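Step one of this worksheet: look at the structure below.
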Amino acid sequence: MIKSQRSGNIVVKFILHTVLIINVFMVLYPIAFTVGAAFTKTNSLSTTRAVPWPKEPSLYQFKRLLTPSDRIVKGTTDVRGTNYVRWYKNTLKIAIWNTLITVCICATTGYIFSRFRFAGKKPLMASMVVLQMFPSFIGMIATYVILWRINGLNTHWGLILVYATGSIPYNAWMMKGYFDTVSRSIEEAARVDGASPFVTYLFIILPSVKSMIMFLVLTSFTAPWMDFIFPRLILRSDTKKTLAVGLFELINGRANDNFTMFAAGAVLIAVPFAILFMVGQKFMLQSLAGDSVKE
């Protein structure tokens, strides 16, 4: 009986470990293949190896990618420059501004809905829930017309406006729910000590929700890097494009066979993501370990 139980446990552990190894392989192999493709000399994926790392690693694709469109690398005849550096700066600027605006507006809106009573509060909260049910693509035509009327087409501030306003319903509702868990006694103690409502919110309440603020920062920062539809709709000139649109055009069409250069661009995009997530993960763990008393 005991032997059969041990053999059964061994079989279960073997199955679990096998499933875990398969899952890890499925997640890591595409990443490793992309990194390996970025360090090849060939332009097409059809000539790359099935194993992740190439035979002769090279920075050739990164040279092609980082060469401005009006310059050519000396000694080569097939290197076409791109505006990748400008696209990178554009995306970084849009992501930073979107993060700042979204965090300020959504955190303040969530706190107001959580702590104050005013006329129309319930209808506004209900409308925020209803707005979350509809995808943002439904309002694309209206968004285009509005930006056209206010001269926001082919501008970065127009795209930032779309991102920031589109994220308000969901993020404000999320912050409202998290503010509800913060004890009101903290605010009452601060006001007894003479702190104004603004000082209480800025120096007492916000530090209590640092983990959710960091989550909002992560989601707001990553959104512009991966979005393709709205930048494609709003931005026209090549110098205004974001990375999603610019990299797509490298492989769009039958004549464009720049998949390895596309892989190099994807690898460089992962750099700010990795830094932000490492810093954010550590910050969120510290915040969760030292949060104030919840109700």
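In the structure tokens, chains take the letters A, B, ... in the order shown, each chain's residues start at 1, and ligands count up from 1 in the order shown.
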
Quick one: everything within 12 Å of Leu276 in chain A, counting only C-alpha atoms, minus sequence neighbours fewer than 6 positions away in the same chain. Send it as a PyMOL selection string. chain A and resi 96+214-215+217-222+269-270+282-284

Can you list, as a ChimeraX atom specification, every protein, DNA or RNA residue that comes within 9 Å of range 123-130 of chain A when you count only C-alpha atoms, leaving out same-chain residues fewer than 3 positions away? /A:113,120,133-134,168-170,172-173

Selected residues written out, all heavy atoms, as a compact mmCIF listing (two decimals), in the first residue's frame:
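So the final result, stored in again.txt, reads:
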```txt
# COMPACT_ATOMS: atom_id res chain seq x y z
N PHE A 113 -14.11 60.33 -5.50
CA PHE A 113 -15.26 59.43 -5.47
C PHE A 113 -15.29 58.59 -4.20
O PHE A 113 -16.36 58.16 -3.76
CB PHE A 113 -15.24 58.51 -6.69
CG PHE A 113 -15.81 59.13 -7.93
CD1 PHE A 113 -15.00 59.47 -9.00
CD2 PHE A 113 -17.17 59.38 -8.03
CE1 PHE A 113 -15.53 60.05 -10.14
CE2 PHE A 113 -17.71 59.94 -9.16
CZ PHE A 113 -16.89 60.29 -10.23
N GLY A 120 -24.80 64.00 -8.10
CA GLY A 120 -24.46 63.30 -9.32
C GLY A 120 -23.37 62.27 -9.17
O GLY A 120 -22.85 61.77 -10.18
N MET A 133 -17.55 48.96 -20.57
CA MET A 133 -18.10 47.85 -21.34
C MET A 133 -17.82 47.98 -22.83
O MET A 133 -17.87 46.99 -23.56
CB MET A 133 -19.61 47.75 -21.10
CG MET A 133 -20.00 47.51 -19.66
SD MET A 133 -21.78 47.68 -19.39
CE MET A 133 -22.42 46.51 -20.58
N PHE A 134 -17.51 49.18 -23.30
CA PHE A 134 -17.33 49.42 -24.73
C PHE A 134 -15.86 49.56 -25.06
O PHE A 134 -15.13 50.28 -24.36
CB PHE A 134 -18.08 50.68 -25.17
CG PHE A 134 -19.56 50.62 -24.93
CD1 PHE A 134 -20.12 51.19 -23.80
CD2 PHE A 134 -20.39 49.98 -25.84
CE1 PHE A 134 -21.48 51.13 -23.57
CE2 PHE A 134 -21.75 49.92 -25.63
CZ PHE A 134 -22.30 50.50 -24.49
N ILE A 168 -9.27 56.99 -18.15
CA ILE A 168 -9.84 57.54 -16.92
C ILE A 168 -10.92 56.65 -16.31
O ILE A 168 -10.87 56.36 -15.10
CB ILE A 168 -10.37 58.97 -17.16
CG1 ILE A 168 -9.20 59.94 -17.36
CG2 ILE A 168 -11.24 59.44 -15.99
CD1 ILE A 168 -9.62 61.35 -17.68
N PRO A 169 -11.94 56.19 -17.05
CA PRO A 169 -13.01 55.40 -16.41
C PRO A 169 -12.50 54.18 -15.65
O PRO A 169 -12.83 53.99 -14.47
CB PRO A 169 -13.91 55.01 -17.59
CG PRO A 169 -13.67 56.06 -18.61
CD PRO A 169 -12.23 56.41 -18.49
N TYR A 170 -11.71 53.36 -16.31
CA TYR A 170 -11.26 52.12 -15.66
C TYR A 170 -10.30 52.41 -14.51
O TYR A 170 -10.46 51.88 -13.40
CB TYR A 170 -10.58 51.22 -16.69
CG TYR A 170 -9.95 49.99 -16.08
CD1 TYR A 170 -10.75 48.89 -15.72
CD2 TYR A 170 -8.59 49.93 -15.84
CE1 TYR A 170 -10.17 47.76 -15.15
CE2 TYR A 170 -8.01 48.81 -15.27
CZ TYR A 170 -8.81 47.73 -14.93
OH TYR A 170 -8.23 46.63 -14.35
N ALA A 172 -9.73 55.22 -12.78
CA ALA A 172 -10.33 55.97 -11.68
C ALA A 172 -11.20 55.06 -10.82
O ALA A 172 -11.20 55.15 -9.59
CB ALA A 172 -11.16 57.14 -12.22
N TRP A 173 -11.95 54.15 -11.46
CA TRP A 173 -12.76 53.20 -10.71
C TRP A 173 -11.87 52.25 -9.90
O TRP A 173 -12.17 51.92 -8.75
CB TRP A 173 -13.65 52.41 -11.67
CG TRP A 173 -14.57 51.45 -10.98
CD1 TRP A 173 -14.32 50.15 -10.68
CD2 TRP A 173 -15.87 51.73 -10.48
NE1 TRP A 173 -15.39 49.59 -10.04
CE2 TRP A 173 -16.36 50.53 -9.91
CE3 TRP A 173 -16.68 52.87 -10.48
CZ2 TRP A 173 -17.63 50.45 -9.32
CZ3 TRP A 173 -17.94 52.78 -9.90
CH2 TRP A 173 -18.40 51.59 -9.34
```

Name the residues of range 15-169 of chain A that come out as alpha helix (DSSP H) in a backbone DSSP run; write them as a PyMOL selection string. chain A and resi 15-38+60-66+84-115+121-132+140-149+156-166+168-169

Residues within 12 Å of range 180-195 of chain A, only C-alpha atoms, excluding chain neighbours under 5 positions, as a PyMOL selection string: chain A and resi 110-116+173-175+200-210+212+291-295

Surrounding residues of range 153-164 of chain A excluding itself and chain neighbours under 3 positions, 8 Å, only C-alpha atoms, as a VMD selection string: chain A and resid 90 94 97 to 98 101 to 102 143 to 144 147 to 148 167 to 168 224 230 to 231 234 to 237 240

Would you save the residues of that selection, restricted to N, CA, C and O atoms, as a compact mmCIF listing (two decimals), in the first residue's frame?
```txt
# COMPACT_ATOMS: atom_id res chain seq x y z
N ASN A 90 10.08 59.49 -29.49
CA ASN A 90 8.66 59.84 -29.53
C ASN A 90 7.84 58.97 -28.59
O ASN A 90 7.00 59.47 -27.82
N ILE A 94 5.81 60.16 -25.20
CA ILE A 94 4.37 59.92 -25.07
C ILE A 94 4.08 59.07 -23.84
O ILE A 94 3.12 59.32 -23.10
N TRP A 97 4.57 61.24 -20.55
CA TRP A 97 3.48 62.21 -20.36
C TRP A 97 2.16 61.50 -20.05
O TRP A 97 1.38 61.97 -19.21
N ASN A 98 1.91 60.41 -20.73
CA ASN A 98 0.69 59.65 -20.46
C ASN A 98 0.68 59.14 -19.02
O ASN A 98 -0.36 59.15 -18.35
N ILE A 101 0.07 62.23 -16.54
CA ILE A 101 -1.30 62.74 -16.60
C ILE A 101 -2.28 61.71 -16.05
O ILE A 101 -3.19 62.03 -15.26
N THR A 102 -2.11 60.45 -16.42
CA THR A 102 -3.03 59.41 -15.98
C THR A 102 -2.98 59.22 -14.47
O THR A 102 -4.02 59.11 -13.80
N THR A 143 -13.13 60.34 -32.30
CA THR A 143 -11.81 60.81 -31.86
C THR A 143 -11.07 61.51 -33.00
O THR A 143 -10.47 62.58 -32.80
N TYR A 144 -11.14 60.93 -34.19
CA TYR A 144 -10.47 61.53 -35.34
C TYR A 144 -11.06 62.91 -35.66
O TYR A 144 -10.32 63.86 -35.92
N LEU A 147 -10.04 65.52 -32.92
CA LEU A 147 -8.65 65.95 -33.07
C LEU A 147 -8.46 66.80 -34.32
O LEU A 147 -7.62 67.72 -34.33
N TRP A 148 -9.21 66.50 -35.35
CA TRP A 148 -9.14 67.31 -36.57
C TRP A 148 -9.63 68.74 -36.31
O TRP A 148 -9.04 69.71 -36.79
N SER A 167 -8.24 56.25 -20.57
CA SER A 167 -7.96 55.38 -19.43
C SER A 167 -8.62 55.85 -18.14
O SER A 167 -8.52 55.16 -17.12
N ILE A 168 -9.27 56.99 -18.15
CA ILE A 168 -9.84 57.54 -16.92
C ILE A 168 -10.92 56.65 -16.31
O ILE A 168 -10.87 56.36 -15.10
N PRO A 224 1.49 52.91 -24.47
CA PRO A 224 1.89 53.51 -25.75
C PRO A 224 2.92 52.70 -26.52
O PRO A 224 3.02 52.83 -27.75
N PHE A 230 -4.24 53.54 -32.67
CA PHE A 230 -4.39 54.99 -32.56
C PHE A 230 -3.19 55.76 -33.11
O PHE A 230 -3.37 56.79 -33.77
N PRO A 231 -1.94 55.33 -32.88
CA PRO A 231 -0.83 56.04 -33.55
C PRO A 231 -0.94 55.98 -35.07
O PRO A 231 -0.59 56.95 -35.76
N ILE A 234 -3.65 58.61 -36.01
CA ILE A 234 -3.42 60.02 -35.70
C ILE A 234 -2.14 60.54 -36.32
O ILE A 234 -2.10 61.65 -36.85
N LEU A 235 -1.05 59.77 -36.25
CA LEU A 235 0.25 60.25 -36.70
C LEU A 235 0.48 59.91 -38.16
O LEU A 235 0.24 58.78 -38.58
N ARG A 236 0.98 60.88 -38.93
CA ARG A 236 1.15 60.70 -40.36
C ARG A 236 2.62 60.75 -40.80
O ARG A 236 3.08 59.89 -41.53
N SER A 237 3.33 61.77 -40.40
CA SER A 237 4.71 61.93 -40.85
C SER A 237 5.62 60.91 -40.18
O SER A 237 5.37 60.47 -39.06
N LYS A 240 7.10 61.65 -36.72
CA LYS A 240 6.16 61.69 -35.60
C LYS A 240 5.76 60.30 -35.12
O LYS A 240 5.13 60.17 -34.07
```

Have a look at CA of Leu247 in chain A and CA of Asn43 in chain A and let me know their distance in Å, one decimal.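 CA of Asn43 in chain A lies at a distance of 14.3 Å from CA of Leu247 in chain A.
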
Between CA of Glu56 in chain A and CA of Ala264 in chain A, measure the distance and give it in Å to one decimal.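 Taking CA of Glu56 in chain A and CA of Ala264 in chain A, their separation equals 15.5 Å.
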
Of the listed residues A:Asn171, A:Thr109, A:Lys122, A:Pro30, that which approaches Leu216 in chain A most closely, counting only C-alpha atoms: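 So, comparing all the options, the nearest one is A:Asn171.
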
Non-local contacts of Ala38 in chain A (10 Å; only C-alpha atoms; under 4 positions in same chain excluded) as a list in words: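 Returned residues: Ala32, Phe33, Thr34, Thr42, Asn43, Trp53, Pro54, Pro57, Ser58, Leu59, Tyr60, Gln61, Phe62, Phe259, Thr260, Met261, Phe262, Ala263, Ala264, Gly265, Ala266, Val267 and Leu268 of chain A.
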
Go ahead and write the selection's residues with N, CA, C and O atoms as a short mmCIF file (atom, residue, chain, number, x, y, z; two decimals), in the first residue's frame.
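Ended up saving to selection-v3.cif:
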```cif
data_model
loop_
_atom_site.label_atom_id
_atom_site.label_comp_id
_atom_site.auth_asym_id
_atom_site.auth_seq_id
_atom_site.Cartn_x
_atom_site.Cartn_y
_atom_site.Cartn_z
N ALA A 32 13.99 33.84 -26.65
CA ALA A 32 15.37 33.50 -27.01
C ALA A 32 15.57 33.53 -28.53
O ALA A 32 16.61 33.98 -29.03
N PHE A 33 14.57 33.07 -29.29
CA PHE A 33 14.67 33.09 -30.75
C PHE A 33 14.72 34.52 -31.27
O PHE A 33 15.48 34.83 -32.20
N THR A 34 13.92 35.41 -30.68
CA THR A 34 13.93 36.81 -31.10
C THR A 34 15.28 37.46 -30.81
O THR A 34 15.83 38.20 -31.64
N THR A 42 21.99 38.01 -41.44
CA THR A 42 21.03 37.89 -42.53
C THR A 42 19.82 38.77 -42.26
O THR A 42 19.50 39.10 -41.12
N ASN A 43 19.10 39.10 -43.32
CA ASN A 43 17.93 39.96 -43.21
C ASN A 43 16.64 39.17 -43.07
O ASN A 43 15.63 39.72 -42.64
N TRP A 53 20.55 30.80 -30.56
CA TRP A 53 21.74 31.62 -30.76
C TRP A 53 22.36 31.37 -32.12
O TRP A 53 22.53 30.24 -32.53
N PRO A 54 22.73 32.41 -32.86
CA PRO A 54 23.31 32.23 -34.20
C PRO A 54 24.74 31.71 -34.15
O PRO A 54 25.40 31.76 -33.11
N PRO A 57 27.50 35.53 -34.04
CA PRO A 57 26.78 36.71 -33.54
C PRO A 57 27.35 38.00 -34.11
O PRO A 57 28.56 38.15 -34.27
N SER A 58 26.46 38.92 -34.43
CA SER A 58 26.88 40.17 -35.05
C SER A 58 25.93 41.29 -34.62
O SER A 58 24.75 41.05 -34.32
N LEU A 59 26.44 42.50 -34.60
CA LEU A 59 25.64 43.69 -34.29
C LEU A 59 25.17 44.39 -35.57
O LEU A 59 24.76 45.55 -35.53
N TYR A 60 25.19 43.67 -36.68
CA TYR A 60 24.87 44.26 -37.98
C TYR A 60 23.45 44.83 -38.00
O TYR A 60 23.23 45.94 -38.51
N GLN A 61 22.49 44.08 -37.46
CA GLN A 61 21.09 44.54 -37.47
C GLN A 61 20.91 45.79 -36.63
O GLN A 61 20.12 46.68 -36.99
N PHE A 62 21.63 45.89 -35.52
CA PHE A 62 21.53 47.08 -34.69
C PHE A 62 22.15 48.29 -35.40
O PHE A 62 21.66 49.42 -35.26
N PHE A 259 12.86 41.21 -41.04
CA PHE A 259 12.40 40.61 -39.79
C PHE A 259 13.49 40.57 -38.73
O PHE A 259 13.21 40.70 -37.54
N THR A 260 14.73 40.37 -39.13
CA THR A 260 15.81 40.35 -38.14
C THR A 260 16.08 41.74 -37.59
O THR A 260 16.41 41.90 -36.42
N MET A 261 15.93 42.77 -38.42
CA MET A 261 16.05 44.13 -37.93
C MET A 261 14.87 44.47 -37.01
O MET A 261 15.02 45.19 -36.02
N PHE A 262 13.71 43.94 -37.34
CA PHE A 262 12.54 44.08 -36.48
C PHE A 262 12.81 43.44 -35.12
O PHE A 262 12.44 43.99 -34.06
N ALA A 263 13.47 42.27 -35.12
CA ALA A 263 13.81 41.60 -33.86
C ALA A 263 14.79 42.45 -33.04
O ALA A 263 14.68 42.52 -31.81
N ALA A 264 15.74 43.09 -33.71
CA ALA A 264 16.68 43.96 -33.00
C ALA A 264 15.94 45.13 -32.35
O ALA A 264 16.24 45.52 -31.21
N GLY A 265 14.97 45.69 -33.06
CA GLY A 265 14.17 46.77 -32.48
C GLY A 265 13.36 46.31 -31.30
O GLY A 265 13.21 47.03 -30.30
N ALA A 266 12.83 45.08 -31.37
CA ALA A 266 12.06 44.53 -30.25
C ALA A 266 12.93 44.32 -29.02
O ALA A 266 12.48 44.54 -27.89
N VAL A 267 14.17 43.90 -29.23
CA VAL A 267 15.08 43.70 -28.10
C VAL A 267 15.37 45.03 -27.41
O VAL A 267 15.38 45.11 -26.17
N LEU A 268 15.57 46.09 -28.16
CA LEU A 268 15.85 47.40 -27.56
C LEU A 268 14.62 47.95 -26.83
O LEU A 268 14.76 48.67 -25.83
#
```
